[in-house]
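Working notes, structure below.
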Amino acid sequence: MLKVNRDDKRPIWQQLLDQAIHNITTGKWPPGELLLPSRELAQLIGVSRSTIQTVYEELFSRGYTVTSRRGGTRVSEWTYAARPSEDAIIEELVPPELPLLNAAVGHLHSWFGDKDNQKAEIDFSPHEPYLDEHFQRNWRQSFLQASAETDLDSWAYGDAYGFLPLREQIQRYLSLERGVHVNTDQILLTSGAQHSIDLIAQALLHEGETVSVEDPGFPAAWMAMKYRRMQVVPVPVDEYGLCVDRLPTGSKLVFVTPSHQCAVGVIMSEPRRQQLLHMAAEHRFWIVEDDYDSEFRYRGDPLPTLFSQQPQNTLYMMSFSKMIAPGIRISAIIGPKEAIRQLAKVHELTYRHLPIMEQLTLAHFIEHGHFMRHMRRVRNVYRRRHEAMTKAIITSGLSERFTLSGVETGLHMLLEAESSFDEEAATNLALEQGIRVYPLSKYCLESDRKGWVLGFAKVDETAIEEGIFRLAGMLL
């Protein structure tokens, strides 16, 4: 018999429903048992008939009972033989082992510096840009104004290509600043470089195909491709960039950072660029050009893109992570219309579209001039910090023992050591001295090159000088 507890804060119908479900699921009310008519049960319990009707309707809607005009309400014909007892311990399901995934994520953590393990007084991070309250104030302003001005249609399911007004702003920026002239249907918005690479692997490659990557190079590129079951082949990098003549026969895609090589920092020479473009056209493979920080060039204007020279088989990746902030998670792939359409289909199936508020805010941020003012301001900051880093490395004597490269563009430079250098021990010793540096080996797939990738975007001039001279005192 069901009972009402007047001290129970739950509604009476909820109390009775919970008791009825318990009786059914434990077999106390067996399958096929006829329940009392609602009027009769209400009188026995001392509640209104409508309360019992509510309980019966809920039992029926959840599938615990069946009803018929002549047969009344009965317990559904469930099978309880396999049901565990109340005292049985139900073990938590264990997900399958994914060694490739675990290894890749572990490598990414170490590449980023394992910052949770030990804090550093001076952190030469090559991954993060300079941010300040001035940026935050302008971004907040764009956020509030974009929120107030947007219409309700913007909150519906959006375009898999991305928010059109933002793509129009990116189209204008690329044309004016980078010499890249495209239509908006050649631009697909993504949530970062890794998202872009993952979409490219899914949409333009078949499992098991050969992908060539720079070595040293961008770890997330080869990790994402490996996770998508591609055959990843490392290709060496020298002082002229990717060694194009070492590309394996049968490559379907080459991932390259020609304007500021990820890790080594060199600029791909014009002969190498032409060699790569010619080979891609002849052997029909994709070039993925990751242009992650070339807007910050300290000698002359940003270099022409590979995409602007050969757009038919080049995918150009740009990101706002270094230009503004990684936290907004907006980047773009620019390419031939058919390739971008294929990428958009995969994006629509797997992700649908990016969150609208970040896109609205960034579109407003660019349209109202905040973005270009921000770029001019941080370029001046980076120029001063670049000069401070270069000067400190030279005057400290580090440049006499290590080879300095990658000083023309971007937000990091390389101090390269001989292959016999104990990079791990020196990195740990530096951390003990309060300085976090980033080993070149973390960027290597098969290469045995050693040294440190040193970023300067988030370190002011005083800290740069202090950190470099501490390193010199430790190593020289």
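Scheme for the structure tokens: letters A, B, ... for chains in order shown; per-chain residue numbers from 1; ligand numbers from 1 in order shown.
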Range 142-144 of chain A environment, 8 Å, only C-alpha atoms, sequence neighbours closer than 4 positions dropped, as a list in words
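Final neighbour list, sorted by chain and number: Asn138, Ala148, Met357, Leu360, Thr361, Leu362, His364 and Phe365 of chain A.
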Expected file: the selected residues, all heavy atoms, as an mmCIF file, in the first residue's frame:
data_model
loop_
_atom_site.group_PDB
_atom_site.id
_atom_site.type_symbol
_atom_site.label_atom_id
_atom_site.label_comp_id
_atom_site.auth_asym_id
_atom_site.auth_seq_id
_atom_site.Cartn_x
_atom_site.Cartn_y
_atom_site.Cartn_z
ATOM 1 N N ASN A 138 38.497 47.500 -24.518
ATOM 2 C CA ASN A 138 37.950 47.587 -25.878
ATOM 3 C C ASN A 138 37.146 46.349 -26.245
ATOM 4 O O ASN A 138 36.114 46.446 -26.927
ATOM 5 C CB ASN A 138 39.081 47.798 -26.880
ATOM 6 C CG ASN A 138 39.669 49.191 -26.805
ATOM 7 O OD1 ASN A 138 39.017 50.132 -26.361
ATOM 8 N ND2 ASN A 138 40.929 49.325 -27.217
ATOM 9 N N ALA A 148 23.987 44.361 -27.863
ATOM 10 C CA ALA A 148 22.825 45.247 -27.928
ATOM 11 C C ALA A 148 22.301 45.413 -29.345
ATOM 12 O O ALA A 148 21.097 45.578 -29.555
ATOM 13 C CB ALA A 148 23.198 46.617 -27.345
ATOM 14 N N MET A 357 28.462 34.481 -29.994
ATOM 15 C CA MET A 357 28.830 35.716 -29.295
ATOM 16 C C MET A 357 30.267 36.134 -29.583
ATOM 17 O O MET A 357 30.558 37.324 -29.769
ATOM 18 C CB MET A 357 28.616 35.545 -27.790
ATOM 19 C CG MET A 357 28.470 36.856 -27.048
ATOM 20 S SD MET A 357 27.077 37.851 -27.617
ATOM 21 C CE MET A 357 27.891 39.281 -28.286
ATOM 22 N N LEU A 360 30.304 37.600 -33.108
ATOM 23 C CA LEU A 360 29.710 38.936 -33.118
ATOM 24 C C LEU A 360 30.684 39.971 -32.553
ATOM 25 O O LEU A 360 30.867 41.055 -33.121
ATOM 26 C CB LEU A 360 28.433 38.943 -32.272
ATOM 27 C CG LEU A 360 27.167 38.333 -32.883
ATOM 28 C CD1 LEU A 360 26.120 38.113 -31.794
ATOM 29 C CD2 LEU A 360 26.605 39.251 -33.961
ATOM 30 N N THR A 361 31.308 39.614 -31.444
ATOM 31 C CA THR A 361 32.217 40.556 -30.784
ATOM 32 C C THR A 361 33.436 40.838 -31.648
ATOM 33 O O THR A 361 33.850 41.999 -31.806
ATOM 34 C CB THR A 361 32.654 39.993 -29.421
ATOM 35 O OG1 THR A 361 31.505 39.708 -28.622
ATOM 36 C CG2 THR A 361 33.539 40.990 -28.676
ATOM 37 N N LEU A 362 34.032 39.786 -32.220
ATOM 38 C CA LEU A 362 35.222 39.988 -33.045
ATOM 39 C C LEU A 362 34.892 40.799 -34.296
ATOM 40 O O LEU A 362 35.674 41.664 -34.711
ATOM 41 C CB LEU A 362 35.836 38.637 -33.427
ATOM 42 C CG LEU A 362 37.110 38.696 -34.280
ATOM 43 C CD1 LEU A 362 38.191 39.542 -33.608
ATOM 44 C CD2 LEU A 362 37.632 37.284 -34.557
ATOM 45 N N HIS A 364 32.611 43.092 -34.580
ATOM 46 C CA HIS A 364 32.487 44.484 -34.124
ATOM 47 C C HIS A 364 33.864 45.064 -33.820
ATOM 48 O O HIS A 364 34.170 46.216 -34.167
ATOM 49 C CB HIS A 364 31.592 44.530 -32.879
ATOM 50 C CG HIS A 364 31.281 45.913 -32.396
ATOM 51 N ND1 HIS A 364 32.186 46.679 -31.676
ATOM 52 C CD2 HIS A 364 30.160 46.679 -32.537
ATOM 53 C CE1 HIS A 364 31.639 47.830 -31.381
ATOM 54 N NE2 HIS A 364 30.416 47.875 -31.892
ATOM 55 N N PHE A 365 34.722 44.272 -33.170
ATOM 56 C CA PHE A 365 36.067 44.691 -32.782
ATOM 57 C C PHE A 365 36.881 45.110 -34.005
ATOM 58 O O PHE A 365 37.600 46.112 -33.981
ATOM 59 C CB PHE A 365 36.741 43.524 -32.058
ATOM 60 C CG PHE A 365 38.002 43.869 -31.316
ATOM 61 C CD1 PHE A 365 37.960 44.520 -30.099
ATOM 62 C CD2 PHE A 365 39.239 43.503 -31.829
ATOM 63 C CE1 PHE A 365 39.121 44.825 -29.399
ATOM 64 C CE2 PHE A 365 40.414 43.799 -31.143
ATOM 65 C CZ PHE A 365 40.345 44.466 -29.926
#
List the spatial neighbours of Ser419 in chain A as a PyMOL selection string - criterion: any atom at most 8 Å away, only C-alpha atoms, same-chain residues fewer than 3 positions off excluded.
chain A and resi 448-450
Write a file of the just-selected residues containing N, CA and C atoms, as a PDB file, in the first residue's frame.
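Final output, selection.pdb:
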ATOM      1  N   ASP A 448      67.218  15.322 -33.948  1.00  0.00           N
ATOM      2  CA  ASP A 448      67.908  15.340 -32.657  1.00  0.00           C
ATOM      3  C   ASP A 448      68.458  16.734 -32.332  1.00  0.00           C
ATOM      4  N   ARG A 449      67.901  17.754 -32.974  1.00  0.00           N
ATOM      5  CA  ARG A 449      68.356  19.115 -32.721  1.00  0.00           C
ATOM      6  C   ARG A 449      68.008  19.539 -31.295  1.00  0.00           C
ATOM      7  N   LYS A 450      68.865  20.335 -30.688  1.00  0.00           N
ATOM      8  CA  LYS A 450      68.702  20.744 -29.290  1.00  0.00           C
ATOM      9  C   LYS A 450      68.763  22.263 -29.185  1.00  0.00           C
TER      10      LYS A 450
END
What parts of range 287-463 of chain A does DSSP call strand (DSSP E or B)? I'd like the answer as a PyMOL selection string.
chain A and resi 287-291+297+314-319+331-334+403-405+409+412-417+435-436+438-439+450-455
Create the file for the chosen residues now, containing N, CA, C and O atoms and written as a compact mmCIF listing (two decimals), in the first residue's frame.
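Result went into out17.txt, see below:
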# COMPACT_ATOMS: atom_id res chain seq x y z
N ILE A 287 49.06 21.95 -50.08
CA ILE A 287 49.95 22.69 -49.19
C ILE A 287 49.08 23.34 -48.12
O ILE A 287 48.13 24.06 -48.45
N VAL A 288 49.37 23.06 -46.87
CA VAL A 288 48.70 23.75 -45.76
C VAL A 288 49.70 24.76 -45.20
O VAL A 288 50.73 24.38 -44.63
N GLU A 289 49.40 26.04 -45.39
CA GLU A 289 50.28 27.12 -44.99
C GLU A 289 49.77 27.73 -43.68
O GLU A 289 48.73 28.39 -43.65
N ASP A 290 50.49 27.48 -42.60
CA ASP A 290 50.11 28.00 -41.29
C ASP A 290 50.82 29.34 -41.07
O ASP A 290 52.03 29.38 -40.84
N ASP A 291 50.06 30.41 -41.14
CA ASP A 291 50.62 31.76 -41.01
C ASP A 291 50.21 32.30 -39.64
O ASP A 291 49.32 33.11 -39.52
N ARG A 297 56.55 41.46 -38.06
CA ARG A 297 57.83 41.40 -38.78
C ARG A 297 58.62 42.66 -38.47
O ARG A 297 58.08 43.76 -38.48
N THR A 314 46.42 25.35 -52.31
CA THR A 314 46.97 25.80 -51.02
C THR A 314 45.84 26.17 -50.07
O THR A 314 44.88 26.84 -50.46
N LEU A 315 45.96 25.72 -48.84
CA LEU A 315 45.04 26.09 -47.77
C LEU A 315 45.80 26.99 -46.80
O LEU A 315 46.83 26.58 -46.25
N TYR A 316 45.30 28.20 -46.64
CA TYR A 316 45.98 29.20 -45.82
C TYR A 316 45.29 29.26 -44.45
O TYR A 316 44.08 29.51 -44.36
N MET A 317 46.04 29.00 -43.39
CA MET A 317 45.50 29.03 -42.03
C MET A 317 45.95 30.30 -41.33
O MET A 317 47.14 30.57 -41.23
N MET A 318 44.97 31.07 -40.84
CA MET A 318 45.28 32.24 -40.03
C MET A 318 44.56 32.09 -38.69
O MET A 318 43.55 31.39 -38.59
N SER A 319 45.10 32.75 -37.67
CA SER A 319 44.52 32.60 -36.33
C SER A 319 44.59 33.93 -35.60
O SER A 319 45.52 34.71 -35.78
N SER A 331 39.74 31.16 -35.54
CA SER A 331 40.74 31.16 -36.60
C SER A 331 40.01 30.92 -37.91
O SER A 331 38.78 30.83 -37.93
N ALA A 332 40.76 30.82 -38.99
CA ALA A 332 40.12 30.66 -40.29
C ALA A 332 40.98 29.83 -41.22
O ALA A 332 42.21 29.83 -41.12
N ILE A 333 40.31 29.12 -42.12
CA ILE A 333 40.97 28.44 -43.24
C ILE A 333 40.51 29.13 -44.51
O ILE A 333 39.31 29.32 -44.72
N ILE A 334 41.46 29.51 -45.34
CA ILE A 334 41.17 30.15 -46.62
C ILE A 334 41.67 29.23 -47.72
O ILE A 334 42.80 28.73 -47.65
N THR A 403 73.63 29.17 -31.30
CA THR A 403 73.31 29.82 -32.56
C THR A 403 71.95 30.48 -32.45
O THR A 403 70.95 29.83 -32.14
N LEU A 404 71.90 31.79 -32.68
CA LEU A 404 70.66 32.55 -32.59
C LEU A 404 70.02 32.63 -33.97
O LEU A 404 70.65 33.01 -34.95
N SER A 405 68.74 32.28 -34.06
CA SER A 405 68.02 32.37 -35.35
C SER A 405 66.57 32.75 -35.10
O SER A 405 66.08 32.73 -33.97
N THR A 409 61.11 37.86 -37.56
CA THR A 409 59.65 37.83 -37.55
C THR A 409 59.15 37.09 -36.32
O THR A 409 59.85 36.24 -35.77
N HIS A 412 58.90 34.67 -31.16
CA HIS A 412 59.90 33.82 -30.51
C HIS A 412 61.16 33.78 -31.36
O HIS A 412 61.15 34.11 -32.54
N MET A 413 62.25 33.36 -30.75
CA MET A 413 63.49 33.12 -31.47
C MET A 413 64.13 31.86 -30.91
O MET A 413 63.71 31.35 -29.85
N LEU A 414 65.11 31.34 -31.61
CA LEU A 414 65.73 30.07 -31.23
C LEU A 414 67.17 30.27 -30.81
O LEU A 414 67.95 30.94 -31.49
N LEU A 415 67.52 29.67 -29.67
CA LEU A 415 68.92 29.50 -29.26
C LEU A 415 69.25 28.04 -29.46
O LEU A 415 68.80 27.19 -28.70
N GLU A 416 70.02 27.74 -30.49
CA GLU A 416 70.29 26.34 -30.81
C GLU A 416 71.66 25.92 -30.30
O GLU A 416 72.65 26.65 -30.44
N ALA A 417 71.70 24.72 -29.70
CA ALA A 417 72.93 24.18 -29.15
C ALA A 417 73.43 23.03 -30.02
O ALA A 417 72.76 22.60 -30.97
N ILE A 435 63.34 30.34 -14.01
CA ILE A 435 63.20 30.70 -15.43
C ILE A 435 62.65 29.50 -16.21
O ILE A 435 63.23 28.41 -16.16
N ARG A 436 61.55 29.72 -16.91
CA ARG A 436 60.99 28.65 -17.73
C ARG A 436 61.39 28.88 -19.18
O ARG A 436 61.10 29.94 -19.76
N TYR A 438 61.78 26.72 -23.15
CA TYR A 438 61.03 25.72 -23.91
C TYR A 438 61.97 24.95 -24.84
O TYR A 438 62.48 25.50 -25.82
N PRO A 439 62.20 23.65 -24.54
CA PRO A 439 63.18 22.86 -25.28
C PRO A 439 62.80 22.66 -26.75
O PRO A 439 61.63 22.40 -27.07
N LYS A 450 68.87 20.33 -30.69
CA LYS A 450 68.70 20.74 -29.29
C LYS A 450 68.76 22.26 -29.19
O LYS A 450 69.37 22.94 -30.02
N GLY A 451 68.19 22.78 -28.15
CA GLY A 451 68.22 24.22 -27.90
C GLY A 451 66.96 24.67 -27.20
O GLY A 451 66.23 23.85 -26.62
N TRP A 452 66.70 25.95 -27.25
CA TRP A 452 65.52 26.51 -26.59
C TRP A 452 64.78 27.46 -27.52
O TRP A 452 65.38 28.30 -28.20
N VAL A 453 63.46 27.32 -27.55
CA VAL A 453 62.58 28.25 -28.24
C VAL A 453 62.13 29.27 -27.20
O VAL A 453 61.44 28.93 -26.24
N LEU A 454 62.54 30.51 -27.37
CA LEU A 454 62.31 31.56 -26.37
C LEU A 454 61.32 32.59 -26.88
O LEU A 454 61.58 33.28 -27.87
N GLY A 455 60.18 32.71 -26.22
CA GLY A 455 59.21 33.72 -26.55
C GLY A 455 59.41 34.96 -25.69
O GLY A 455 59.91 34.88 -24.57
What lies within 9 Å of Leu303 in chain A using only C-alpha atoms, ignoring chain neighbours under 4 positions off, as an MDAnalysis selection string?
chainID A and resid 178 259 294:295 297
Would you write out, as JSON lines, a table of all residues in range 347-442 of chain A that have an atom no more than 10 Å from an atom of range 196-220 of chain A, listing for each the closest atom pair and the distance in Å to one decimal, considering only C-alpha atoms and ordering rows by chain and rising residue number?
{"residue": "A:His347", "atom": "CA", "partner": "A:Leu199", "partner_atom": "CA", "distance": 6.9}
{"residue": "A:Thr350", "atom": "CA", "partner": "A:Leu199", "partner_atom": "CA", "distance": 9.3}
{"residue": "A:Leu440", "atom": "CA", "partner": "A:Pro216", "partner_atom": "CA", "distance": 7.6}
{"residue": "A:Ser441", "atom": "CA", "partner": "A:Pro216", "partner_atom": "CA", "distance": 7.8}
{"residue": "A:Lys442", "atom": "CA", "partner": "A:Pro219", "partner_atom": "CA", "distance": 7.7}
Hey, which of A:Gly63, A:Arg272, A:Lys226, A:Leu398 ends up closest to Ala103 in chain A? Count only C-alpha atoms.
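Among the listed residues, the smallest separation from Ala103 in chain A belongs to A:Lys226.
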Distance criterion (only C-alpha atoms): nearest to Ala426 in chain A out of A:Ala263, A:Ala472, A:Gly106, A:Ala457
A:Ala472
When DSSP is applied to the backbone of this structure, which of range 76-204 of chain A are assigned helix (DSSP H, G or I)? Write them out as number ranges by chain.
A: 99-112, 133-149, 152-155, 164-178, 184-186, 193-204
Close residues, Leu100 in chain A itself excluded, 9 Å, only C-alpha atoms, min 4 positions apart in chain, as a PyMOL selection string:
chain A and resi 104-105+223+226-227
Distance query range 184-190 of chain A at most 10 Å, only C-alpha atoms, self and fewer than 3 positions along chain excluded, as a PDB file with N, CA and C atoms, in the first residue's frame:
ATOM      1  N   ASP A 159      25.504  29.556 -39.884  1.00  0.00           N
ATOM      2  CA  ASP A 159      26.166  29.057 -41.088  1.00  0.00           C
ATOM      3  C   ASP A 159      27.409  28.265 -40.692  1.00  0.00           C
ATOM      4  N   ALA A 160      27.569  27.078 -41.254  1.00  0.00           N
ATOM      5  CA  ALA A 160      28.752  26.264 -40.949  1.00  0.00           C
ATOM      6  C   ALA A 160      30.037  26.955 -41.382  1.00  0.00           C
ATOM      7  N   TYR A 161      29.967  27.843 -42.373  1.00  0.00           N
ATOM      8  CA  TYR A 161      31.139  28.607 -42.799  1.00  0.00           C
ATOM      9  C   TYR A 161      31.578  29.616 -41.724  1.00  0.00           C
ATOM     10  N   GLY A 162      30.623  30.041 -40.894  1.00  0.00           N
ATOM     11  CA  GLY A 162      30.894  31.058 -39.900  1.00  0.00           C
ATOM     12  C   GLY A 162      30.051  32.290 -40.143  1.00  0.00           C
ATOM     13  N   PHE A 163      29.997  33.158 -39.158  1.00  0.00           N
ATOM     14  CA  PHE A 163      29.205  34.386 -39.185  1.00  0.00           C
ATOM     15  C   PHE A 163      29.648  35.262 -40.357  1.00  0.00           C
ATOM     16  N   LEU A 164      28.726  35.534 -41.278  1.00  0.00           N
ATOM     17  CA  LEU A 164      29.080  36.224 -42.516  1.00  0.00           C
ATOM     18  C   LEU A 164      29.721  37.600 -42.288  1.00  0.00           C
ATOM     19  N   PRO A 165      29.179  38.452 -41.408  1.00  0.00           N
ATOM     20  CA  PRO A 165      29.844  39.753 -41.205  1.00  0.00           C
ATOM     21  C   PRO A 165      31.291  39.625 -40.733  1.00  0.00           C
ATOM     22  N   LEU A 166      31.598  38.597 -39.947  1.00  0.00           N
ATOM     23  CA  LEU A 166      32.980  38.395 -39.518  1.00  0.00           C
ATOM     24  C   LEU A 166      33.829  37.931 -40.695  1.00  0.00           C
ATOM     25  N   ARG A 167      33.305  37.048 -41.531  1.00  0.00           N
ATOM     26  CA  ARG A 167      34.066  36.623 -42.707  1.00  0.00           C
ATOM     27  C   ARG A 167      34.315  37.798 -43.652  1.00  0.00           C
ATOM     28  N   GLU A 168      33.362  38.718 -43.732  1.00  0.00           N
ATOM     29  CA  GLU A 168      33.560  39.916 -44.559  1.00  0.00           C
ATOM     30  C   GLU A 168      34.675  40.800 -44.000  1.00  0.00           C
ATOM     31  N   GLN A 169      34.741  40.917 -42.690  1.00  0.00           N
ATOM     32  CA  GLN A 169      35.811  41.700 -42.074  1.00  0.00           C
ATOM     33  C   GLN A 169      37.174  41.032 -42.296  1.00  0.00           C
ATOM     34  N   ILE A 170      37.222  39.699 -42.193  1.00  0.00           N
ATOM     35  CA  ILE A 170      38.471  38.961 -42.436  1.00  0.00           C
ATOM     36  C   ILE A 170      38.870  39.092 -43.903  1.00  0.00           C
ATOM     37  N   GLN A 171      37.890  39.003 -44.799  1.00  0.00           N
ATOM     38  CA  GLN A 171      38.147  39.170 -46.232  1.00  0.00           C
ATOM     39  C   GLN A 171      38.802  40.521 -46.506  1.00  0.00           C
ATOM     40  N   ARG A 172      38.279  41.577 -45.890  1.00  0.00           N
ATOM     41  CA  ARG A 172      38.815  42.926 -46.084  1.00  0.00           C
ATOM     42  C   ARG A 172      40.229  43.032 -45.507  1.00  0.00           C
ATOM     43  N   HIS A 181      43.351  37.916 -51.862  1.00  0.00           N
ATOM     44  CA  HIS A 181      42.058  38.383 -52.368  1.00  0.00           C
ATOM     45  C   HIS A 181      41.153  37.182 -52.615  1.00  0.00           C
ATOM     46  N   ALA A 193      43.949  26.403 -34.580  1.00  0.00           N
ATOM     47  CA  ALA A 193      44.746  25.663 -35.559  1.00  0.00           C
ATOM     48  C   ALA A 193      44.483  24.165 -35.490  1.00  0.00           C
ATOM     49  N   GLN A 194      44.362  23.622 -34.279  1.00  0.00           N
ATOM     50  CA  GLN A 194      44.141  22.178 -34.169  1.00  0.00           C
ATOM     51  C   GLN A 194      42.792  21.781 -34.755  1.00  0.00           C
ATOM     52  N   HIS A 195      41.766  22.597 -34.533  1.00  0.00           N
ATOM     53  CA  HIS A 195      40.456  22.365 -35.138  1.00  0.00           C
ATOM     54  C   HIS A 195      40.567  22.398 -36.660  1.00  0.00           C
ATOM     55  N   SER A 196      41.306  23.376 -37.183  1.00  0.00           N
ATOM     56  CA  SER A 196      41.477  23.494 -38.636  1.00  0.00           C
ATOM     57  C   SER A 196      42.150  22.254 -39.209  1.00  0.00           C
ATOM     58  N   ILE A 197      43.222  21.820 -38.565  1.00  0.00           N
ATOM     59  CA  ILE A 197      43.968  20.652 -39.052  1.00  0.00           C
ATOM     60  C   ILE A 197      43.099  19.403 -39.002  1.00  0.00           C
ATOM     61  N   LEU A 199      39.824  19.228 -39.243  1.00  0.00           N
ATOM     62  CA  LEU A 199      38.848  19.300 -40.334  1.00  0.00           C
ATOM     63  C   LEU A 199      39.494  18.953 -41.670  1.00  0.00           C
ATOM     64  N   LEU A 315      45.960  25.718 -48.838  1.00  0.00           N
ATOM     65  CA  LEU A 315      45.035  26.094 -47.775  1.00  0.00           C
ATOM     66  C   LEU A 315      45.800  26.988 -46.802  1.00  0.00           C
ATOM     67  N   TYR A 316      45.301  28.195 -46.637  1.00  0.00           N
ATOM     68  CA  TYR A 316      45.978  29.195 -45.817  1.00  0.00           C
ATOM     69  C   TYR A 316      45.287  29.258 -44.452  1.00  0.00           C
ATOM     70  N   MET A 317      46.041  28.996 -43.388  1.00  0.00           N
ATOM     71  CA  MET A 317      45.500  29.029 -42.034  1.00  0.00           C
ATOM     72  C   MET A 317      45.946  30.302 -41.325  1.00  0.00           C
ATOM     73  N   MET A 318      44.966  31.068 -40.844  1.00  0.00           N
ATOM     74  CA  MET A 318      45.277  32.238 -40.030  1.00  0.00           C
ATOM     75  C   MET A 318      44.562  32.091 -38.693  1.00  0.00           C
ATOM     76  N   SER A 319      45.096  32.745 -37.665  1.00  0.00           N
ATOM     77  CA  SER A 319      44.517  32.601 -36.331  1.00  0.00           C
ATOM     78  C   SER A 319      44.585  33.929 -35.603  1.00  0.00           C
ATOM     79  N   ARG A 329      39.346  31.791 -29.276  1.00  0.00           N
ATOM     80  CA  ARG A 329      39.213  30.548 -30.065  1.00  0.00           C
ATOM     81  C   ARG A 329      38.567  30.786 -31.429  1.00  0.00           C
ATOM     82  N   ILE A 330      39.103  31.705 -32.184  1.00  0.00           N
ATOM     83  CA  ILE A 330      38.627  31.916 -33.556  1.00  0.00           C
ATOM     84  C   ILE A 330      39.821  31.956 -34.494  1.00  0.00           C
ATOM     85  N   SER A 331      39.743  31.158 -35.537  1.00  0.00           N
ATOM     86  CA  SER A 331      40.742  31.164 -36.597  1.00  0.00           C
ATOM     87  C   SER A 331      40.010  30.922 -37.911  1.00  0.00           C
ATOM     88  N   ALA A 332      40.762  30.817 -38.986  1.00  0.00           N
ATOM     89  CA  ALA A 332      40.116  30.662 -40.290  1.00  0.00           C
ATOM     90  C   ALA A 332      40.982  29.830 -41.223  1.00  0.00           C
ATOM     91  N   ILE A 333      40.314  29.117 -42.119  1.00  0.00           N
ATOM     92  CA  ILE A 333      40.968  28.436 -43.238  1.00  0.00           C
ATOM     93  C   ILE A 333      40.509  29.128 -44.509  1.00  0.00           C
ATOM     94  N   ILE A 334      41.460  29.509 -45.340  1.00  0.00           N
ATOM     95  CA  ILE A 334      41.165  30.154 -46.616  1.00  0.00           C
ATOM     96  C   ILE A 334      41.669  29.229 -47.721  1.00  0.00           C
ATOM     97  N   GLY A 335      40.835  28.973 -48.725  1.00  0.00           N
ATOM     98  CA  GLY A 335      41.252  28.044 -49.765  1.00  0.00           C
ATOM     99  C   GLY A 335      40.335  28.069 -50.967  1.00  0.00           C
ATOM    100  N   PRO A 336      40.542  27.133 -51.907  1.00  0.00           N
ATOM    101  CA  PRO A 336      39.660  27.041 -53.073  1.00  0.00           C
ATOM    102  C   PRO A 336      38.215  26.767 -52.646  1.00  0.00           C
ATOM    103  N   LYS A 337      37.267  27.250 -53.429  1.00  0.00           N
ATOM    104  CA  LYS A 337      35.856  27.154 -53.042  1.00  0.00           C
ATOM    105  C   LYS A 337      35.409  25.718 -52.784  1.00  0.00           C
ATOM    106  N   GLU A 338      35.792  24.802 -53.661  1.00  0.00           N
ATOM    107  CA  GLU A 338      35.337  23.420 -53.508  1.00  0.00           C
ATOM    108  C   GLU A 338      35.916  22.780 -52.260  1.00  0.00           C
ATOM    109  N   ALA A 339      37.179  23.054 -51.965  1.00  0.00           N
ATOM    110  CA  ALA A 339      37.800  22.502 -50.762  1.00  0.00           C
ATOM    111  C   ALA A 339      37.140  23.066 -49.511  1.00  0.00           C
ATOM    112  N   ILE A 340      36.883  24.372 -49.503  1.00  0.00           N
ATOM    113  CA  ILE A 340      36.243  24.998 -48.347  1.00  0.00           C
ATOM    114  C   ILE A 340      34.814  24.480 -48.185  1.00  0.00           C
ATOM    115  N   ARG A 341      34.126  24.247 -49.297  1.00  0.00           N
ATOM    116  CA  ARG A 341      32.776  23.685 -49.214  1.00  0.00           C
ATOM    117  C   ARG A 341      32.806  22.296 -48.576  1.00  0.00           C
ATOM    118  N   LEU A 343      35.124  21.167 -46.488  1.00  0.00           N
ATOM    119  CA  LEU A 343      35.440  21.370 -45.074  1.00  0.00           C
ATOM    120  C   LEU A 343      34.202  21.822 -44.301  1.00  0.00           C
ATOM    121  N   ALA A 344      33.412  22.701 -44.907  1.00  0.00           N
ATOM    122  CA  ALA A 344      32.207  23.208 -44.245  1.00  0.00           C
ATOM    123  C   ALA A 344      31.191  22.094 -44.007  1.00  0.00           C
ATOM    124  N   HIS A 347      32.389  20.252 -41.046  1.00  0.00           N
ATOM    125  CA  HIS A 347      32.173  21.120 -39.890  1.00  0.00           C
ATOM    126  C   HIS A 347      30.709  21.105 -39.472  1.00  0.00           C
ATOM    127  N   TYR A 351      30.532  19.687 -35.835  1.00  0.00           N
ATOM    128  CA  TYR A 351      30.545  20.791 -34.874  1.00  0.00           C
ATOM    129  C   TYR A 351      29.338  21.724 -35.021  1.00  0.00           C
ATOM    130  N   HIS A 353      28.464  24.775 -35.878  1.00  0.00           N
ATOM    131  CA  HIS A 353      29.040  26.100 -36.122  1.00  0.00           C
ATOM    132  C   HIS A 353      29.659  26.606 -34.829  1.00  0.00           C
ATOM    133  N   LEU A 354      30.407  27.691 -34.923  1.00  0.00           N
ATOM    134  CA  LEU A 354      31.059  28.263 -33.747  1.00  0.00           C
ATOM    135  C   LEU A 354      30.045  29.032 -32.901  1.00  0.00           C
ATOM    136  N   GLN A 359      31.946  35.463 -32.255  1.00  0.00           N
ATOM    137  CA  GLN A 359      32.002  35.932 -33.645  1.00  0.00           C
ATOM    138  C   GLN A 359      31.431  37.345 -33.768  1.00  0.00           C
TER     139      GLN A 359
END
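Separating CA of Arg373 in chain A from CA of Gln145 in chain A is a distance of 18.1 Å.
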Suppose you want the space between CA of Val237 in chain A and CA of Ser447 in chain A; what is it in Å?
9.3 Å
Separation of CA of Val381 in chain A from CA of Glu461 in chain A in Å
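Going from CA of Glu461 in chain A over to CA of Val381 in chain A covers 9.5 Å.
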From A:Tyr240, A:Thr150, A:Leu108, A:Gly192, residue lying nearest Lys322 in chain A [only C-alpha atoms]:
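Using only C-alpha atoms, the shortest distance to Lys322 in chain A belongs to A:Gly192.
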Find the residues around Ile468 in chain A up to 9 Å (only C-alpha atoms counted), leave out those fewer than 4 positions away in its own chain, and share them as a VMD selection string.
chain A and resid 389 392 to 393 396 398 463 to 464 472 to 473
Looking at only C-alpha atoms, which of A:Lys345, A:Glu33, A:Ile45, A:Gly369 is the one that sits closest to Gly71 in chain A?
A:Glu33
